[in-house]
$ cat coords01.txt   # compact mmCIF, C-alpha atoms and all ligand atoms
# COMPACT_ATOMS: atom_id res chain seq x y z
CA MET A 373 -3.10 -6.01 37.51
CA PRO A 374 -0.94 -8.79 36.10
CA VAL A 375 -0.39 -9.84 32.54
CA GLN A 376 -2.78 -12.23 30.76
CA ALA A 377 -0.93 -15.34 29.58
CA ILE A 378 -3.39 -16.74 27.03
CA ALA A 379 -6.30 -15.72 24.77
CA TRP A 380 -8.38 -16.86 21.82
CA THR A 381 -7.66 -15.21 18.49
CA PRO A 382 -10.72 -14.10 16.48
CA SER A 383 -10.31 -17.20 14.26
CA GLY A 384 -10.30 -19.69 17.18
CA ALA A 385 -6.52 -20.19 17.35
CA VAL A 386 -4.73 -19.74 20.69
CA ARG A 387 -2.61 -16.66 21.41
CA ILE A 388 0.14 -17.22 23.96
CA VAL A 389 2.91 -15.13 25.43
CA ASP A 390 6.09 -16.99 24.47
CA GLN A 391 7.59 -17.35 27.93
CA ARG A 392 11.00 -18.38 26.58
CA ALA A 393 11.58 -14.82 25.42
CA LEU A 394 10.83 -13.06 28.72
CA PRO A 395 12.02 -10.77 30.18
CA GLU A 396 13.97 -9.56 27.15
CA ALA A 397 11.05 -9.54 24.75
CA HIS A 398 7.28 -9.77 25.02
CA ILE A 399 6.39 -11.95 22.04
CA GLU A 400 2.90 -13.26 21.36
CA ARG A 401 2.40 -16.32 19.16
CA ASP A 402 -0.77 -17.60 17.56
CA LEU A 403 -0.90 -21.41 17.73
CA GLU A 404 -3.07 -22.89 15.00
CA SER A 405 -2.72 -26.63 15.56
CA VAL A 406 -2.42 -29.35 18.18
CA ALA A 407 1.14 -30.05 17.02
CA ALA A 408 2.07 -26.40 17.61
CA MET A 409 0.44 -26.40 21.05
CA ALA A 410 2.06 -29.68 22.11
CA GLU A 411 5.44 -28.28 21.03
CA ALA A 412 4.75 -25.01 22.91
CA ILE A 413 3.96 -26.94 26.10
CA ARG A 414 6.97 -29.26 25.73
CA THR A 415 9.40 -26.39 25.12
CA LEU A 416 8.02 -24.18 27.95
CA GLN A 417 6.62 -21.47 25.69
CA VAL A 418 3.56 -22.00 27.89
CA ARG A 419 4.19 -23.51 31.30
CA GLY A 420 2.82 -23.68 34.83
CA ALA A 421 0.44 -26.43 35.87
CA PRO A 422 -2.94 -24.66 35.54
CA LEU A 423 -1.93 -22.84 32.37
CA ILE A 424 -0.84 -25.96 30.50
CA GLY A 425 -4.23 -27.52 31.28
CA ILE A 426 -6.03 -24.48 29.92
CA ALA A 427 -3.69 -24.25 26.92
CA ALA A 428 -4.16 -27.92 26.05
CA ALA A 429 -7.96 -27.59 26.16
CA MET A 430 -7.83 -24.48 23.97
CA GLY A 431 -5.25 -26.08 21.65
CA LEU A 432 -7.52 -29.08 21.18
CA VAL A 433 -10.30 -26.74 20.07
CA ALA A 434 -7.97 -24.90 17.69
CA GLY A 435 -6.86 -28.21 16.19
CA LEU A 436 -10.44 -29.37 15.67
CA ARG A 437 -11.49 -26.34 13.63
CA ASP A 438 -11.09 -28.27 10.35
CA GLU A 439 -13.37 -31.04 11.64
CA ARG A 440 -16.44 -28.85 12.08
CA GLY A 441 -18.02 -30.35 8.96
CA ALA A 442 -17.37 -33.92 10.11
CA PRO A 443 -20.05 -36.38 11.18
CA ARG A 444 -20.24 -37.12 14.90
CA GLU A 445 -18.25 -40.39 14.95
CA ARG A 446 -15.38 -38.96 12.91
CA PHE A 447 -15.28 -35.82 15.12
CA LEU A 448 -15.14 -37.90 18.32
CA ALA A 449 -12.38 -40.07 16.88
CA ARG A 450 -10.37 -36.91 16.09
CA VAL A 451 -10.88 -35.65 19.65
CA GLU A 452 -9.21 -38.82 20.94
CA GLU A 453 -6.41 -38.69 18.36
CA LEU A 454 -5.60 -35.05 19.02
CA ALA A 455 -5.87 -35.22 22.83
CA ALA A 456 -3.16 -37.91 23.00
CA PRO A 457 -0.11 -35.83 21.94
CA LEU A 458 -1.25 -32.94 24.14
CA ALA A 459 -1.55 -35.21 27.18
CA ALA A 460 1.92 -36.60 26.50
CA ALA A 461 3.60 -33.20 26.19
CA ARG A 462 4.62 -33.05 29.88
CA PRO A 463 4.18 -35.71 32.58
CA THR A 464 4.14 -34.09 36.03
CA ALA A 465 1.39 -31.46 36.19
CA VAL A 466 -1.88 -33.37 36.56
CA ASN A 467 -3.87 -30.35 35.38
CA LEU A 468 -2.91 -31.23 31.81
CA ARG A 469 -4.49 -34.67 31.94
CA TRP A 470 -7.42 -33.36 34.01
CA ALA A 471 -8.33 -30.69 31.44
CA LEU A 472 -8.08 -33.07 28.49
CA ASP A 473 -10.12 -35.77 30.25
CA ARG A 474 -12.81 -33.17 30.91
CA MET A 475 -12.82 -32.14 27.24
CA ARG A 476 -13.03 -35.77 26.05
CA ARG A 477 -15.86 -36.51 28.46
CA VAL A 478 -17.83 -33.44 27.41
CA ALA A 479 -17.42 -34.29 23.72
CA ALA A 480 -18.62 -37.84 24.25
CA GLN A 481 -21.69 -36.72 26.20
CA ALA A 482 -22.75 -33.72 24.10
CA PRO A 483 -25.31 -34.19 21.31
CA GLY A 484 -24.87 -33.37 17.64
CA ASP A 485 -22.35 -33.53 14.83
CA GLY A 486 -18.96 -31.84 14.31
CA ALA A 487 -20.23 -28.24 14.26
CA ALA A 488 -22.27 -28.60 17.45
CA LEU A 489 -19.56 -30.55 19.24
CA TRP A 490 -16.89 -28.01 18.31
CA ASP A 491 -19.02 -25.15 19.70
CA ARG A 492 -19.54 -27.15 22.88
CA LEU A 493 -15.80 -27.83 23.27
CA LYS A 494 -14.92 -24.18 22.70
CA SER A 495 -17.35 -23.22 25.50
CA GLU A 496 -15.84 -25.90 27.73
CA ALA A 497 -12.26 -24.75 27.17
CA THR A 498 -13.35 -21.19 27.91
CA ALA A 499 -15.07 -22.43 31.08
CA ILE A 500 -11.89 -24.23 32.21
CA TRP A 501 -10.00 -20.97 31.76
CA GLU A 502 -12.64 -18.83 33.51
CA GLU A 503 -12.97 -21.27 36.39
CA ASP A 504 -9.20 -21.19 36.87
CA ARG A 505 -9.25 -17.40 36.92
CA ALA A 506 -11.92 -17.48 39.64
CA MET A 507 -10.03 -20.13 41.63
CA CYS A 508 -6.87 -18.02 41.55
CA ARG A 509 -8.75 -15.11 43.08
CA ARG A 510 -10.25 -17.29 45.78
CA ILE A 511 -6.80 -18.75 46.56
CA GLY A 512 -5.61 -15.16 46.94
CA GLU A 513 -8.46 -14.41 49.33
CA ALA A 514 -7.65 -17.57 51.30
CA GLY A 515 -4.06 -16.37 51.74
CA LEU A 516 -4.61 -12.64 52.15
CA ALA A 517 -4.42 -12.71 55.96
CA LEU A 518 -0.99 -14.33 55.69
CA VAL A 519 0.40 -11.23 53.98
CA PRO A 520 -0.02 -8.26 56.33
CA ASP A 521 1.38 -4.80 55.68
CA GLY A 522 5.18 -5.01 55.57
CA ALA A 523 5.30 -8.77 54.94
CA THR A 524 8.27 -10.39 53.23
CA VAL A 525 7.41 -13.43 51.14
CA LEU A 526 9.78 -15.95 49.57
CA THR A 527 8.62 -17.73 46.43
CA HIS A 528 10.11 -20.18 43.96
CA CYS A 529 9.67 -20.75 40.23
CA ASN A 530 6.69 -18.92 38.75
CA ALA A 531 3.27 -19.59 40.22
CA GLY A 532 1.82 -16.29 39.09
CA ALA A 533 -0.27 -14.93 36.26
CA LEU A 534 2.12 -16.44 33.70
CA ALA A 535 1.38 -19.90 35.09
CA THR A 536 -2.42 -19.72 35.32
CA GLY A 537 -5.55 -18.28 33.77
CA GLY A 538 -5.74 -15.55 36.41
CA ILE A 539 -3.61 -13.88 39.09
CA GLY A 540 -1.65 -17.01 39.92
CA THR A 541 -1.66 -19.35 42.88
CA ALA A 542 1.32 -18.64 45.15
CA LEU A 543 1.38 -15.03 43.95
CA ALA A 544 -2.38 -14.51 44.30
CA PRO A 545 -2.21 -13.47 48.00
CA VAL A 546 0.63 -11.11 47.09
CA TYR A 547 -1.40 -9.47 44.32
CA LEU A 548 -4.43 -9.07 46.58
CA ALA A 549 -2.33 -7.67 49.43
CA HIS A 550 -0.84 -5.16 46.98
CA GLU A 551 -4.33 -4.33 45.69
CA ALA A 552 -5.38 -3.71 49.32
CA GLY A 553 -2.61 -1.14 49.68
CA ARG A 554 -0.30 -3.27 51.82
CA ARG A 555 3.45 -3.01 51.35
CA VAL A 556 4.78 -6.42 50.35
CA ARG A 557 8.29 -7.46 49.43
CA VAL A 558 8.92 -10.67 47.52
CA TYR A 559 12.17 -12.60 47.46
CA VAL A 560 12.24 -14.52 44.20
CA GLY A 561 14.48 -17.58 43.93
CA GLU A 562 16.04 -17.48 40.46
CA THR A 563 15.03 -21.16 39.93
CA ARG A 564 17.86 -22.79 38.08
CA PRO A 565 18.11 -24.21 35.51
CA VAL A 566 15.37 -22.50 33.46
CA LEU A 567 15.16 -19.39 35.67
CA GLN A 568 11.37 -19.10 35.89
CA GLY A 569 11.84 -17.04 39.07
CA ALA A 570 14.32 -14.51 37.74
CA ARG A 571 12.85 -14.28 34.24
CA LEU A 572 9.11 -14.66 34.81
CA THR A 573 8.13 -14.00 38.44
CA ALA A 574 10.35 -10.94 38.69
CA TRP A 575 9.01 -9.74 35.32
CA GLU A 576 5.35 -10.04 36.23
CA LEU A 577 5.81 -8.58 39.73
CA THR A 578 7.71 -5.55 38.46
CA HIS A 579 5.12 -5.19 35.71
CA ALA A 580 2.47 -4.99 38.48
CA GLY A 581 4.52 -2.53 40.55
CA ILE A 582 5.31 -4.98 43.37
CA PRO A 583 8.83 -4.74 44.80
CA CYS A 584 10.81 -7.93 44.37
CA THR A 585 14.35 -9.05 44.97
CA VAL A 586 15.85 -11.87 42.92
CA ILE A 587 18.15 -14.18 44.85
CA ALA A 588 20.32 -17.11 43.84
CA ASP A 589 18.53 -20.26 44.94
CA ALA A 590 21.43 -20.97 47.28
CA ALA A 591 20.79 -17.70 49.18
CA ALA A 592 17.43 -18.78 50.62
CA GLY A 593 18.84 -20.51 53.71
CA ALA A 594 20.99 -17.55 54.72
CA LEU A 595 18.02 -15.18 54.36
CA MET A 596 15.85 -17.39 56.54
CA ARG A 597 18.61 -17.58 59.14
CA GLN A 598 18.75 -13.78 59.20
CA ALA A 599 14.96 -13.73 59.82
CA GLU A 600 14.44 -11.92 56.52
CA VAL A 601 11.56 -14.16 55.40
CA ASP A 602 8.11 -14.09 57.04
CA LEU A 603 6.61 -16.88 54.97
CA ALA A 604 7.23 -19.03 51.90
CA LEU A 605 4.53 -19.37 49.23
CA VAL A 606 4.95 -21.90 46.42
CA GLY A 607 2.72 -23.52 43.81
CA ALA A 608 2.25 -27.18 42.93
CA ASP A 609 2.11 -29.38 39.85
CA ARG A 610 0.49 -32.39 41.48
CA ILE A 611 -0.74 -33.01 45.02
CA ALA A 612 -1.21 -36.59 46.24
CA ALA A 613 -4.08 -37.57 48.54
CA ASN A 614 -1.88 -37.35 51.64
CA GLY A 615 -0.67 -33.83 50.78
CA ASP A 616 2.78 -34.71 49.38
CA PHE A 617 3.23 -32.46 46.37
CA ALA A 618 5.44 -32.04 43.33
CA ASN A 619 6.65 -28.60 42.40
CA LYS A 620 9.64 -27.08 40.62
CA ILE A 621 12.98 -28.62 41.55
CA GLY A 622 14.33 -26.84 44.62
CA THR A 623 10.98 -26.62 46.40
CA TYR A 624 11.82 -29.53 48.70
CA ALA A 625 15.09 -27.90 49.77
CA LEU A 626 13.20 -24.69 50.59
CA ALA A 627 10.62 -26.62 52.61
CA VAL A 628 13.34 -28.30 54.69
CA LEU A 629 15.03 -24.94 55.29
CA ALA A 630 11.72 -23.34 56.21
CA LEU A 631 10.91 -26.00 58.82
CA HIS A 632 14.41 -25.74 60.25
CA HIS A 633 14.11 -21.95 60.62
CA GLY A 634 10.47 -21.86 61.74
CA VAL A 635 9.30 -20.10 58.57
CA PRO A 636 5.68 -20.97 57.65
CA PHE A 637 5.60 -22.78 54.31
CA TYR A 638 2.40 -22.73 52.21
CA CYS A 639 1.49 -24.62 49.07
CA ALA A 640 -1.07 -22.77 46.92
CA ALA A 641 -2.98 -24.62 44.20
CA PRO A 642 -6.44 -25.11 42.74
CA SER A 643 -8.18 -28.43 43.35
CA THR A 644 -7.45 -29.32 39.69
CA THR A 645 -3.88 -29.98 40.88
CA ILE A 646 -4.97 -32.78 43.22
CA ASP A 647 -4.41 -36.33 42.06
CA ALA A 648 -6.53 -38.30 44.50
CA THR A 649 -5.57 -41.55 42.73
CA LEU A 650 -2.11 -41.31 44.31
CA ALA A 651 -1.89 -42.17 48.00
CA ASP A 652 1.38 -40.27 48.39
CA GLY A 653 4.04 -38.41 46.46
CA ASP A 654 6.12 -41.49 45.58
CA GLY A 655 3.86 -42.17 42.60
CA ILE A 656 4.18 -38.72 41.03
CA PRO A 657 6.00 -38.93 37.68
CA ILE A 658 8.94 -36.55 37.64
CA GLU A 659 9.83 -35.02 34.29
CA GLN A 660 13.46 -35.38 33.27
CA ARG A 661 14.37 -32.51 30.95
CA PRO A 662 17.30 -32.17 28.54
CA VAL A 663 20.63 -31.87 30.35
CA GLU A 664 21.55 -28.91 28.12
CA GLU A 665 19.31 -26.82 30.38
CA VAL A 666 21.76 -27.52 33.22
CA LYS A 667 25.00 -27.43 31.25
CA THR A 668 24.33 -24.10 29.56
CA LEU A 669 23.27 -20.65 30.64
CA ALA A 670 21.77 -18.24 28.10
CA GLY A 671 23.01 -20.55 25.35
CA ARG A 672 26.62 -20.66 26.59
CA PRO A 673 28.28 -23.77 28.05
CA ILE A 674 28.90 -23.57 31.80
CA ALA A 675 30.20 -27.12 32.29
CA PRO A 676 32.71 -29.26 30.39
CA ALA A 677 31.13 -31.08 27.46
CA ALA A 678 32.35 -34.40 28.91
CA ALA A 679 30.66 -33.84 32.31
CA GLY A 680 27.47 -35.71 33.04
CA ALA A 681 24.37 -33.84 34.21
CA LEU A 682 20.97 -34.54 35.68
CA ASN A 683 17.89 -32.43 35.10
CA PRO A 684 14.84 -33.51 37.11
CA ALA A 685 12.37 -30.66 36.58
CA PHE A 686 10.40 -31.28 39.79
CA ASP A 687 10.80 -32.65 43.27
CA VAL A 688 8.37 -33.95 45.86
CA THR A 689 7.86 -32.21 49.18
CA PRO A 690 6.37 -34.46 51.88
CA ALA A 691 3.21 -33.15 53.51
CA ARG A 692 4.83 -32.86 56.94
CA TYR A 693 6.76 -29.79 55.75
CA VAL A 694 3.63 -27.90 54.71
CA THR A 695 2.04 -25.42 57.12
CA GLY A 696 -1.12 -25.20 55.02
CA TYR A 697 -2.60 -25.62 51.55
CA LEU A 698 -4.25 -22.57 50.03
CA MET A 699 -7.04 -23.67 47.73
CA GLU A 700 -10.15 -22.10 46.29
CA ARG A 701 -12.19 -23.16 49.28
CA GLY A 702 -9.76 -21.73 51.82
CA MET A 703 -6.89 -23.07 53.89
CA VAL A 704 -7.27 -26.83 53.80
CA LYS A 705 -5.54 -29.87 55.24
CA PRO A 706 -4.98 -33.34 53.75
CA PRO A 707 -6.15 -35.99 53.10
CA PHE A 708 -7.53 -34.78 49.80
CA GLY A 709 -10.30 -36.42 47.81
CA ALA A 710 -11.09 -35.53 44.22
CA ASP A 711 -12.91 -32.44 45.57
CA PRO A 712 -11.05 -31.32 48.72
O1 LIG A 801 8.39 -26.29 34.53
P1 LIG A 801 7.33 -25.27 34.85
O2 LIG A 801 7.81 -23.86 34.66
O3 LIG A 801 6.04 -25.55 34.15
O4 LIG A 801 7.08 -25.47 36.40
C1 LIG A 801 6.08 -24.71 37.02
C2 LIG A 801 6.01 -24.89 38.48
O5 LIG A 801 6.67 -25.73 39.05
C3 LIG A 801 4.99 -24.05 39.19
O6 LIG A 801 5.45 -23.72 40.47
C4 LIG A 801 3.70 -24.84 39.29
O7 LIG A 801 3.31 -25.29 38.03
C5 LIG A 801 2.63 -24.07 39.90
S1 LIG A 801 2.01 -22.87 38.75
C6 LIG A 801 0.71 -22.04 39.41
$ encode --input "coords01.txt" --output "structure tokens" --more "lines below"
Ligand code: MRU
Amino acid sequence: MPVQAIAWTPSGAVRIVDQRALPEAHIERDLESVAAMAEAIRTLQVRGAPLIGIAAAMGLVAGLRDERGAPRERFLARVEELAAPLAAARPTAVNLRWALDRMRRVAAQAPGDGAALWDRLKSEATAIWEEDRAMCRRIGEAGLALVPDGATVLTHCNAGALATGGIGTALAPVYLAHEAGRRVRVYVGETRPVLQGARLTAWELTHAGIPCTVIADAAAGALMRQAEVDLALVGADRIAANGDFANKIGTYALAVLALHHGVPFYCAAPSTTIDATLADGDGIPIEQRPVEEVKTLAGRPIAPAAAGALNPAFDVTPARYVTGYLMERGMVKPPFGADP
């Protein structure tokens, strides 16, 4: 089965797979502090909406190790201080804020001083991770019937094991179909500019023995026109109450193409990705990343230095383009409350 993206070290630090190095090198890093974790999230060493929530919760615990001898009030003040830079590391995926709010709430409500509170927070971070792993599996079960023997799936970015605590969201039905002995083929959009599709999705699928074909993002429309795609499966970083959702830039274009060509288009996400405070997708904050990601490829310039560039990391796909939402409780429809 797929790779595991995160783990505790024996000393309570957080071990991550540095996703910047894939597929060339499989490098694990032990993150000892909140500053190191915030930097890892910001620079996409760890990425994917559910995984950055889990990583932030675990990073908070790692950063609080030195406070275990502190009295209660001091420990709680440190929880607040250390949660802030983690929450600010990336703006779009709501899972990050959700996980940190849960950790802050649990700390405030638990009894005891620093040592007891730290133990409680470590259990809570582990629970967030384990719950995500279980939700991934249930999302896979919800989508399994969509992936019959011989199915051809198109996906975008990486919404697999490298983006979650388990077998992924969009890739979960693919993994379960493969586990059930079905032949599945996955078209993987390369996902410019950071290439999460080519570098990460193709890496984890090949690692799991699932056939995949990397395509330039611009090839998706032609493939749909040639009836080469049975369904599209993508993840989400934030889903508004009406079902509009943010996901990696390029998702909206795929959704429009899918509707045009009659290709079913599914959004797969755990309920921790829902932001019921937003009525629709217009309020979702879209991360603007450094333009160097667009103007370079593998460290080499691909555009004149004097050219301008834009690098929105996400786009919003209106709910009307979505055939269905695969969540841990099955195939669901908007509107979404806090617990769909
Ligand atoms: O910028 P990234 O790589 O963190 O973007 C990730 C995505 O857009 C994923 O599709 C999304 O987080 C869903 S992950 C299960």
$ closest_atom_pairs --input "coords01.txt" --of "chain A" --to "ligand LIG 801 (chain A)" --cutoff "7 Å" --atoms "only C-alpha atoms and all ligand atoms" --output "CSV"
residue,atom,partner,partner_atom,distance
A:Leu416,CA,A:LIG801,O3,6.7
A:Arg419,CA,A:LIG801,O3,4.0
A:Gly420,CA,A:LIG801,O7,3.6
A:Ala421,CA,A:LIG801,O7,3.8
A:Pro422,CA,A:LIG801,C6,5.9
A:Ala465,CA,A:LIG801,O7,6.7
A:His528,CA,A:LIG801,O6,6.8
A:Cys529,CA,A:LIG801,O6,5.2
A:Asn530,CA,A:LIG801,O6,5.2
A:Ala531,CA,A:LIG801,C6,3.6
A:Gly532,CA,A:LIG801,C6,5.9
A:Ala535,CA,A:LIG801,S1,4.8
A:Thr536,CA,A:LIG801,C6,5.6
A:Gly540,CA,A:LIG801,C6,5.6
A:Thr541,CA,A:LIG801,C6,5.0
A:Ala542,CA,A:LIG801,C6,6.7
A:Gln568,CA,A:LIG801,O2,6.1
A:Val606,CA,A:LIG801,O6,6.2
A:Gly607,CA,A:LIG801,C5,3.9
A:Ala608,CA,A:LIG801,C5,4.4
A:Asp609,CA,A:LIG801,O7,4.6
A:Asn619,CA,A:LIG801,O5,4.4
A:Lys620,CA,A:LIG801,O5,3.6
A:Ala641,CA,A:LIG801,C6,6.6
A:Ala685,CA,A:LIG801,O1,6.3
A:Phe686,CA,A:LIG801,O5,6.7
$ atom_distance --input "coords01.txt" --atom1 "atom CA of Ala428 of chain A" --atom2 "atom CA of Tyr638 of chain A"
27.5 Å
$ atom_distance --input "coords01.txt" --atom1 "atom CA of Gly593 of chain A" --atom2 "atom CA of Gly653 of chain A"
24.3 Å
$ atom_distance --input "coords01.txt" --atom1 "atom CA of Ile424 of chain A" --atom2 "atom CA of Thr649 of chain A"
20.4 Å
$ closest_residue --input "coords01.txt" --among "A:Ile399, A:Glu404, A:Thr623, A:Met373" --to "Leu548 of chain A" --atoms "only C-alpha atoms"
A:Met373
$ residues_near_point --input "coords01.txt" --point "(1.2, -40.0, 48.5)" --cutoff "10 Å" --atoms "all atoms listed in the file" --output "NGL selection string"
:A and (611-617 or 647-656 or 688 or 690-691 or 707)
$ write_last_selection --input "coords01.txt" --atoms "C-alpha atoms" --output "PDB file, in the coordinates of the input"
ATOM      1  CA  ILE A 611      -0.740 -33.010  45.020  1.00  0.00           C
ATOM      2  CA  ALA A 612      -1.210 -36.590  46.240  1.00  0.00           C
ATOM      3  CA  ALA A 613      -4.080 -37.570  48.540  1.00  0.00           C
ATOM      4  CA  ASN A 614      -1.880 -37.350  51.640  1.00  0.00           C
ATOM      5  CA  GLY A 615      -0.670 -33.830  50.780  1.00  0.00           C
ATOM      6  CA  ASP A 616       2.780 -34.710  49.380  1.00  0.00           C
ATOM      7  CA  PHE A 617       3.230 -32.460  46.370  1.00  0.00           C
ATOM      8  CA  ASP A 647      -4.410 -36.330  42.060  1.00  0.00           C
ATOM      9  CA  ALA A 648      -6.530 -38.300  44.500  1.00  0.00           C
ATOM     10  CA  THR A 649      -5.570 -41.550  42.730  1.00  0.00           C
ATOM     11  CA  LEU A 650      -2.110 -41.310  44.310  1.00  0.00           C
ATOM     12  CA  ALA A 651      -1.890 -42.170  48.000  1.00  0.00           C
ATOM     13  CA  ASP A 652       1.380 -40.270  48.390  1.00  0.00           C
ATOM     14  CA  GLY A 653       4.040 -38.410  46.460  1.00  0.00           C
ATOM     15  CA  ASP A 654       6.120 -41.490  45.580  1.00  0.00           C
ATOM     16  CA  GLY A 655       3.860 -42.170  42.600  1.00  0.00           C
ATOM     17  CA  ILE A 656       4.180 -38.720  41.030  1.00  0.00           C
ATOM     18  CA  VAL A 688       8.370 -33.950  45.860  1.00  0.00           C
ATOM     19  CA  PRO A 690       6.370 -34.460  51.880  1.00  0.00           C
ATOM     20  CA  ALA A 691       3.210 -33.150  53.510  1.00  0.00           C
ATOM     21  CA  PRO A 707      -6.150 -35.990  53.100  1.00  0.00           C
TER      22      PRO A 707
END
$ residues_around --input "coords01.txt" --residues "segment 662-679 of chain A" --least-positions-apart "2" --cutoff "12 Å" --atoms "only C-alpha atoms" --output "list in words"
Arg392, Ala393, Glu396, Arg414, Thr415, Leu416, Thr563, Arg564, Pro565, Val566, Leu567, Arg571, Glu659, Gln660, Ala681, Leu682, Asn683, Pro684 and Ala685 of chain A
$ residues_around --input "coords01.txt" --residues "Thr644 of chain A" --least-positions-apart "3" --cutoff "9 Å" --atoms "only C-alpha atoms" --output "ChimeraX atom specification"
/A:422,466-467,470-471,504,610,641,647,710-711
$ closest_residue --input "coords01.txt" --among "A:Pro706, A:Gly680, A:Pro457, A:Gly425" --to "Arg474 of chain A" --atoms "only C-alpha atoms"
A:Gly425
$ residues_around --input "coords01.txt" --residues "Ile511 of chain A" --least-positions-apart "3" --cutoff "10 Å" --atoms "only C-alpha atoms" --output "ChimeraX atom specification"
/A:506-508,514-516,539-545,548,640-642,697-703
$ residues_around --input "coords01.txt" --residues "Arg597 of chain A" --least-positions-apart "3" --cutoff "12 Å" --atoms "only C-alpha atoms" --output "number ranges by chain"
A: 591-594, 600-602, 629-635
$ closest_atom_pairs --input "coords01.txt" --of "segment 467-542 of chain A" --to "segment 381-389 of chain A" --cutoff "12 Å" --atoms "all atoms listed in the file" --output "tab-separated table"
residue	atom	partner	partner_atom	distance
A:Trp490	CA	A:Gly384	CA	10.7
A:Asp491	CA	A:Gly384	CA	10.6
A:Leu493	CA	A:Gly384	CA	11.6
A:Lys494	CA	A:Gly384	CA	8.5
A:Ser495	CA	A:Gly384	CA	11.5
A:Ala497	CA	A:Val386	CA	11.1
A:Thr498	CA	A:Gly384	CA	11.3
A:Ala533	CA	A:Val389	CA	11.3
A:Leu534	CA	A:Val389	CA	8.4
A:Ala535	CA	A:Val389	CA	10.9
A:Thr536	CA	A:Ile388	CA	11.9
A:Gly537	CA	A:Ile388	CA	11.4
$ residues_near_point --input "coords01.txt" --point "(-15.8, -33.9, 14.1)" --cutoff "6 Å" --atoms "all atoms listed in the file" --output "list in words"
Glu439, Arg440, Ala442, Pro443, Arg444, Arg446, Phe447, Leu448 and Gly486 of chain A
$ write_last_selection --input "coords01.txt" --atoms "C-alpha atoms" --output "PDB file, keeping the file's coordinate frame"
ATOM      1  CA  GLU A 439     -13.370 -31.040  11.640  1.00  0.00           C
ATOM      2  CA  ARG A 440     -16.440 -28.850  12.080  1.00  0.00           C
ATOM      3  CA  ALA A 442     -17.370 -33.920  10.110  1.00  0.00           C
ATOM      4  CA  PRO A 443     -20.050 -36.380  11.180  1.00  0.00           C
ATOM      5  CA  ARG A 444     -20.240 -37.120  14.900  1.00  0.00           C
ATOM      6  CA  ARG A 446     -15.380 -38.960  12.910  1.00  0.00           C
ATOM      7  CA  PHE A 447     -15.280 -35.820  15.120  1.00  0.00           C
ATOM      8  CA  LEU A 448     -15.140 -37.900  18.320  1.00  0.00           C
ATOM      9  CA  GLY A 486     -18.960 -31.840  14.310  1.00  0.00           C
TER      10      GLY A 486
END
$ closest_residue --input "coords01.txt" --among "A:Tyr547, A:Ala523, A:Ile582, A:Ile587" --to "Val560 of chain A" --atoms "only C-alpha atoms"
A:Ile587
$ closest_residue --input "coords01.txt" --among "A:Thr645, A:Thr695, A:Thr527, A:Thr689" --to "Ala588 of chain A" --atoms "only C-alpha atoms"
A:Thr527
